[in-house]
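To start, the structure under review is shown below, and the notes come after it.
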Amino acid sequence: MTAPAVSVLLTSYNRPRYLAQAVESVFAQTMTDWELIILDDASSDPGVTHYLQGLWWHPRVIIHKARVDEAFRSATCRYAANANTGLKLATGRHITYLCDDDWYAPDRLEVMSAMLDHDSSIGVVYARQGVTDEAGNVQWQRVFEPVVDNAYCRVDHSSVMHTAEAGAKAGGWDESAEHWRIGDAVFWRRLHAAGYSFHLAPGDGPLDYHRDHAAGVNKLGRPY
């Protein structure tokens, strides 16, 4: 089987209410050359289990369920640990991320992967992001300068795509428990240290959407 252009790493834990929208936003992409790796952190909610059962045989979906207990869970930055698992499983030349309460615009993968393919020296791209209320209504747009040299605690987890090469040079994510809320920000610093800036994808509108809601931060880390 030919390797896909993009591997989407979707981290998830006990959010059946939003998970389907995140997954279906990948299925709805204008570009179809992708694989979706769902990294479920041992969800206990039966709604998640039921939904994932319906995806097991999808030809472009890989489901990885972590087997962790609460003691181990509290000793690591879980979404960083799951992202590293996803990086090991990924076969795409580009890597991108998605949280189970966020979702993509239909042309996101096409626009961002084309930018990396046009100039592979860029290495990392990020997108304008619509920040929504719990119901999914856009409240404001998150965007920074065209070339960001300090993405730490600025650019969101679900807004980034990088080459597989850039991720390897950065050495993967830091799984230390001290980073449980900012694991993505710490990884952005690793990408910067490896020589990469974040380049803004073209277009005037958001390419992904982040849902701002009360359950958006919990003991497992912000992107869950």
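Identifiers in this document derive from the order of the structure tokens: chains are assigned A, B, ..., residues are numbered from 1 separately in each chain, and ligands are numbered from 1 in order of occurrence.
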Using only C-alpha atoms, find each residue in region 81-187 of chain A having at least one atom no more than 8 Å away from region 20-36 of chain A; report its shortest atom-to-atom pair and that distance in Å (one decimal), rows by chain then rising number, as a Markdown table.
| residue | atom | partner | partner_atom | distance |
| --- | --- | --- | --- | --- |
| A:Gly92 | CA | A:Trp34 | CA | 7.4 |
| A:Leu98 | CA | A:Ala22 | CA | 7.5 |
| A:Cys99 | CA | A:Ala22 | CA | 7.4 |
| A:Asp100 | CA | A:Ala22 | CA | 5.7 |
| A:Asp101 | CA | A:Ala22 | CA | 6.5 |
| A:Asp102 | CA | A:Ala22 | CA | 5.8 |
| A:Trp103 | CA | A:Ala22 | CA | 4.6 |
| A:Tyr104 | CA | A:Ser25 | CA | 5.4 |
| A:Ala105 | CA | A:Ser25 | CA | 7.0 |
| A:Pro106 | CA | A:Gln29 | CA | 4.5 |
| A:Asp107 | CA | A:Thr30 | CA | 5.4 |
| A:Arg108 | CA | A:Gln29 | CA | 7.2 |
| A:Leu109 | CA | A:Met31 | CA | 6.4 |
| A:Glu110 | CA | A:Met31 | CA | 5.2 |
Based on the selection just made, write N, CA and C atoms of those residues as a PDB file, in the first residue's frame.
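Saved to out-v7.pdb:
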ATOM      1  N   GLY A  92       2.694   8.793   6.855  1.00  0.00           N
ATOM      2  CA  GLY A  92       2.595   9.937   5.956  1.00  0.00           C
ATOM      3  C   GLY A  92       3.875  10.747   5.918  1.00  0.00           C
ATOM      4  N   LEU A  98      -5.062  16.669  15.776  1.00  0.00           N
ATOM      5  CA  LEU A  98      -6.452  17.022  15.996  1.00  0.00           C
ATOM      6  C   LEU A  98      -6.858  16.535  17.375  1.00  0.00           C
ATOM      7  N   CYS A  99      -7.584  17.375  18.112  1.00  0.00           N
ATOM      8  CA  CYS A  99      -8.139  16.985  19.405  1.00  0.00           C
ATOM      9  C   CYS A  99      -9.589  16.561  19.217  1.00  0.00           C
ATOM     10  N   ASP A 100     -10.073  15.765  20.128  1.00  0.00           N
ATOM     11  CA  ASP A 100     -11.406  15.183  19.929  1.00  0.00           C
ATOM     12  C   ASP A 100     -12.552  16.165  20.136  1.00  0.00           C
ATOM     13  N   ASP A 101     -12.256  17.406  20.553  1.00  0.00           N
ATOM     14  CA  ASP A 101     -13.317  18.407  20.628  1.00  0.00           C
ATOM     15  C   ASP A 101     -13.103  19.538  19.627  1.00  0.00           C
ATOM     16  N   ASP A 102     -12.148  19.374  18.715  1.00  0.00           N
ATOM     17  CA  ASP A 102     -11.894  20.342  17.645  1.00  0.00           C
ATOM     18  C   ASP A 102     -12.277  19.717  16.301  1.00  0.00           C
ATOM     19  N   TRP A 103     -12.230  20.507  15.229  1.00  0.00           N
ATOM     20  CA  TRP A 103     -12.534  19.943  13.914  1.00  0.00           C
ATOM     21  C   TRP A 103     -11.888  20.790  12.830  1.00  0.00           C
ATOM     22  N   TYR A 104     -11.828  20.217  11.628  1.00  0.00           N
ATOM     23  CA  TYR A 104     -11.171  20.848  10.492  1.00  0.00           C
ATOM     24  C   TYR A 104     -12.177  21.451   9.514  1.00  0.00           C
ATOM     25  N   ALA A 105     -11.744  22.525   8.825  1.00  0.00           N
ATOM     26  CA  ALA A 105     -12.432  22.988   7.622  1.00  0.00           C
ATOM     27  C   ALA A 105     -12.151  21.989   6.498  1.00  0.00           C
ATOM     28  N   PRO A 106     -13.042  21.852   5.516  1.00  0.00           N
ATOM     29  CA  PRO A 106     -12.899  20.795   4.505  1.00  0.00           C
ATOM     30  C   PRO A 106     -11.618  20.837   3.686  1.00  0.00           C
ATOM     31  N   ASP A 107     -11.031  22.015   3.478  1.00  0.00           N
ATOM     32  CA  ASP A 107      -9.834  22.098   2.636  1.00  0.00           C
ATOM     33  C   ASP A 107      -8.535  22.173   3.435  1.00  0.00           C
ATOM     34  N   ARG A 108      -8.590  21.916   4.721  1.00  0.00           N
ATOM     35  CA  ARG A 108      -7.413  22.096   5.568  1.00  0.00           C
ATOM     36  C   ARG A 108      -6.225  21.256   5.103  1.00  0.00           C
ATOM     37  N   LEU A 109      -6.408  19.956   4.954  1.00  0.00           N
ATOM     38  CA  LEU A 109      -5.292  19.086   4.589  1.00  0.00           C
ATOM     39  C   LEU A 109      -4.743  19.441   3.213  1.00  0.00           C
ATOM     40  N   GLU A 110      -5.625  19.762   2.284  1.00  0.00           N
ATOM     41  CA  GLU A 110      -5.195  20.100   0.934  1.00  0.00           C
ATOM     42  C   GLU A 110      -4.321  21.350   0.929  1.00  0.00           C
TER      43      GLU A 110
END
For this session: Pick out the residues sitting within 10 Å of region 116-128 of chain A, and hand them over as a VMD selection string; count only C-alpha atoms, and ignore anything fewer than 6 positions along from it in its own chain.
Result: chain A and resid 5 93 to 96 108 141 to 144 146 to 148 151 155 to 167 188 191 to 192 195 to 209
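Taking CA of Ser113 (chain A) and CA of Gly86 (chain A) as endpoints, the distance between them is 18.3 Å.
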Problem set entry | strand (DSSP E) residues, from DSSP on the backbone, in region 49-166 of chain A, as a PyMOL selection string | chain A and resi 61-65+94-99+102-104+124-126+129-132+138-142+147-148+160-163
Grab the residues selected above and save them as a PDB file, in the first residue's frame with C-alpha atoms.
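And here's out-v9.pdb as it stands now:
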ATOM      1  CA  VAL A  61      -8.388   4.578   9.983  1.00  0.00           C
ATOM      2  CA  ILE A  62      -6.028   3.124  12.591  1.00  0.00           C
ATOM      3  CA  ILE A  63      -7.278   2.911  16.181  1.00  0.00           C
ATOM      4  CA  HIS A  64      -4.801   2.620  19.021  1.00  0.00           C
ATOM      5  CA  LYS A  65      -6.233   2.205  22.524  1.00  0.00           C
ATOM      6  CA  HIS A  94       3.388  15.074   6.668  1.00  0.00           C
ATOM      7  CA  ILE A  95       2.031  14.907  10.222  1.00  0.00           C
ATOM      8  CA  THR A  96      -0.857  16.905  11.636  1.00  0.00           C
ATOM      9  CA  TYR A  97      -2.849  16.898  14.856  1.00  0.00           C
ATOM     10  CA  LEU A  98      -6.452  17.022  15.996  1.00  0.00           C
ATOM     11  CA  CYS A  99      -8.139  16.985  19.405  1.00  0.00           C
ATOM     12  CA  ASP A 102     -11.894  20.342  17.645  1.00  0.00           C
ATOM     13  CA  TRP A 103     -12.534  19.943  13.914  1.00  0.00           C
ATOM     14  CA  TYR A 104     -11.171  20.848  10.492  1.00  0.00           C
ATOM     15  CA  VAL A 124       6.172  23.465   9.665  1.00  0.00           C
ATOM     16  CA  VAL A 125       2.956  25.297   8.790  1.00  0.00           C
ATOM     17  CA  TYR A 126       0.116  26.550  10.954  1.00  0.00           C
ATOM     18  CA  GLN A 129      -8.074  28.987  13.835  1.00  0.00           C
ATOM     19  CA  GLY A 130     -11.670  29.793  14.655  1.00  0.00           C
ATOM     20  CA  VAL A 131     -12.236  29.708  18.413  1.00  0.00           C
ATOM     21  CA  THR A 132     -15.828  28.761  19.166  1.00  0.00           C
ATOM     22  CA  VAL A 138     -17.091  31.136  16.136  1.00  0.00           C
ATOM     23  CA  GLN A 139     -16.267  33.866  18.665  1.00  0.00           C
ATOM     24  CA  TRP A 140     -12.896  35.053  17.363  1.00  0.00           C
ATOM     25  CA  GLN A 141     -10.017  34.040  15.127  1.00  0.00           C
ATOM     26  CA  ARG A 142      -6.553  33.065  16.379  1.00  0.00           C
ATOM     27  CA  VAL A 147       6.348  33.506  10.104  1.00  0.00           C
ATOM     28  CA  VAL A 148       6.272  32.644  13.818  1.00  0.00           C
ATOM     29  CA  VAL A 160      -0.127  22.618  13.016  1.00  0.00           C
ATOM     30  CA  MET A 161       1.197  20.391  10.239  1.00  0.00           C
ATOM     31  CA  HIS A 162       4.866  19.458   9.893  1.00  0.00           C
ATOM     32  CA  THR A 163       6.923  17.140   7.746  1.00  0.00           C
TER      33      THR A 163
END
For this session: Give me every helix (DSSP H, G or I) residue in region 16-210 of chain A, going by DSSP on the backbone, as a ChimeraX atom specification.
Result: /A:16-27,46-53,70-74,78-89,108-118,157-159,164-170,177-179,183-193
Problem set entry | Å distance separating CA of Ala135 (chain A) from CA of Asn14 (chain A), one decimal place |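 Computing it gives 18.1 Å between the two atoms.
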For this session: Work out how far CA of His50 (chain A) is from CA of Asp212 (chain A), in Å to one decimal.
Result: 25.3 Å
